[in-house]
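Below: one structure, written as structure tokens.
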Amino acid sequence: MTDHKALAQDAATKLAELTGVETHDVALVLGSGWLPAVDALGTASTEINTTDLPGFHAAGVVGHSGKIRSLEVAGRRVLVFLSRTHFYEGKGVAAVVHPIRTAAAAGCRTIVLTNGCGGLKESFAPGQPVLISDHINLTATSPIEGANFVDLTDLYSPRLRGLCKEIDPSLDEGIYVQFPGPHYETPAEIAMVRAMGGHLVGMSTTLEAIAAREAGMEVLGISLVTNLAAGLSGEPLNHEEVLAAGKAAAGRMGELLGQIVPRI
């Protein structure tokens with residue numbers, strides 16, 4: 001059995017060697033459509049391939065670059081993962097959350113998880129950022145092993161959401177629902193999500209957030225609504241739509257990230 005904590009520590013040690021930075025403060029995981037926004041944070045002091053670190057896999061999705069950046073933002077060392085391993089890639093839950101555990105081992109006490117998702121609220125529009133207030137995990141699994149009963153009551157930090165709303169009072173909140181993927185949801189499944197109280201649907205984030213809480217990190221989740229969920233627009237869903245919405249919203253996303261990271 002793999003010692004996940006030891007593997008994460010090995011990756012953090014290698015990260016410090018390659019970046020020349022002993023510890024980082026804040027981690028940022030970019031979801032589909034978010035890549036154009038990260039440049040607004042500033043110039044990276046170091047950029048490495050994810051595969052340069054033990055336990056990491058190459059990016060498996062268009063719109064994810066397979067890179068990790070280290071940069072300084074307002075005196076804080078920020079670790080940016082420009083890709084993630086998705087649960088649907090079949091590499092196992094440990095691979096999905098390995099970047100989170102590596103960030104914790106590297107010293108990060110706060111993590112910002114972003115994603116591109118489908119929106120269910122009638123008020124949501126493509127290109128709109130939404131703060132995640134809670135989640136529903138429909139993957140039928142967890143990154144936590146054994147009798148380790150982790151409380152998730154306030155998993156998505158009320159403090160950090162409050163800071164975001166101070167920066168942009170127009171930000172809405174919603175409950176994020178993760179399906180296993182990689183297929184999109186059916187209209188009937190979207191109706192189920194609506195009945196369950198969900199507002200956002202996607203294929204990432206919840207497992208990472210659970211692992212972050214287990215590691216003691218404060219979590220901020222931000223979804224970028226890239227399309228209306230299945231059956232709501234009358235149009236078929238496609239990944240190109242996700243990337244296009246991200247590109248169109250890059251300015252607003254970058255400005256939000258650029259202002260919230262220094263205040264964390």
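Residues are referred to by chain and number: the chain letter is A, B, ... according to the order shown in the structure tokens, the number counts from 1 in that chain, and ligands are numbered separately from 1 in the order shown.
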Compile the contact shell of Ala103 of chain A as a PyMOL selection string: residues with an atom at most 8 Å away, counting only C-alpha atoms, same-chain residues fewer than 2 positions apart removed. chain A and resi 12+24+27+79+99-101+105-108
Those selected residues, please, written with N, CA, C and O atoms and delivered as a CSV table (one decimal), in the first residue's frame.
```csv
chain,number,residue,atom,x,y,z
A,12,ALA,N,6.9,17.5,-2.2
A,12,ALA,CA,7.1,18.8,-1.7
A,12,ALA,C,8.6,19.1,-1.6
A,12,ALA,O,9.1,20.2,-1.8
A,24,HIS,N,5.6,27.4,0.7
A,24,HIS,CA,4.6,28.2,0.0
A,24,HIS,C,3.5,28.5,1.0
A,24,HIS,O,3.3,27.7,2.0
A,27,ALA,N,-2.1,27.8,-2.1
A,27,ALA,CA,-2.2,27.0,-3.3
A,27,ALA,C,-3.4,27.3,-4.1
A,27,ALA,O,-4.5,27.7,-3.6
A,79,LEU,N,1.5,28.8,-4.9
A,79,LEU,CA,1.7,27.6,-5.7
A,79,LEU,C,0.5,27.4,-6.6
A,79,LEU,O,-0.6,27.2,-6.1
A,99,PRO,N,-2.0,16.4,-5.5
A,99,PRO,CA,-1.5,17.8,-5.5
A,99,PRO,C,-1.9,18.6,-4.3
A,99,PRO,O,-1.2,19.4,-3.8
A,100,ILE,N,-3.1,18.2,-3.7
A,100,ILE,CA,-3.6,18.9,-2.5
A,100,ILE,C,-2.7,18.5,-1.3
A,100,ILE,O,-2.2,19.4,-0.5
A,101,ARG,N,-2.4,17.3,-1.2
A,101,ARG,CA,-1.5,16.8,-0.1
A,101,ARG,C,-0.1,17.3,-0.3
A,101,ARG,O,0.6,17.6,0.7
A,105,ALA,N,2.0,19.7,2.3
A,105,ALA,CA,3.3,19.3,2.7
A,105,ALA,C,4.3,20.4,2.4
A,105,ALA,O,5.4,20.6,3.1
A,106,ALA,N,4.0,21.3,1.4
A,106,ALA,CA,4.9,22.4,1.0
A,106,ALA,C,4.6,23.6,1.9
A,106,ALA,O,5.3,24.6,1.7
A,107,GLY,N,3.7,23.5,2.8
A,107,GLY,CA,3.5,24.6,3.8
A,107,GLY,C,2.2,25.4,3.6
A,107,GLY,O,1.9,26.3,4.4
A,108,CYS,N,1.4,25.1,2.5
A,108,CYS,CA,0.2,25.9,2.2
A,108,CYS,C,-0.8,25.6,3.3
A,108,CYS,O,-1.2,24.5,3.6
```
All strand (DSSP E or B) residues (DSSP, backbone) inside segment 62-248 of chain A, as an MDAnalysis selection string: chainID A and resid 67:73 76:81 110:119 128:137 156 172:178 200:202 218:228
Pick out the closest residue to Ala37 of chain A from this set: A:Val225, A:Ala209, A:Val93, A:Leu82. Count only C-alpha atoms.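 Ranked by minimum distance to Ala37 of chain A, first place goes to A:Leu82.
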With only C-alpha atoms as the basis for distance, which of A:Ala94, A:Ile68, A:Cys164, A:Ile144 is at the shortest distance from Glu255 of chain A?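 Looking only at the distances to Glu255 of chain A, the closest residue turns out to be A:Cys164.
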Counting only C-alpha atoms, the residue of A:Ala125, A:Val38, A:Ala104, A:Leu30 that sits nearest Phe81 of chain A: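 Distance minimum relative to Phe81 of chain A lands on A:Leu30.
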Among A:Glu89, A:Glu122, A:Asp154, A:Glu208, His183 of chain A is approached most closely, using only C-alpha atoms, by A:Glu89
Non-local contacts of Glu145 of chain A (12 Å; only C-alpha atoms; under 6 positions in same chain excluded) as a ChimeraX atom specification: /A:1-5,93-94,210-211,214
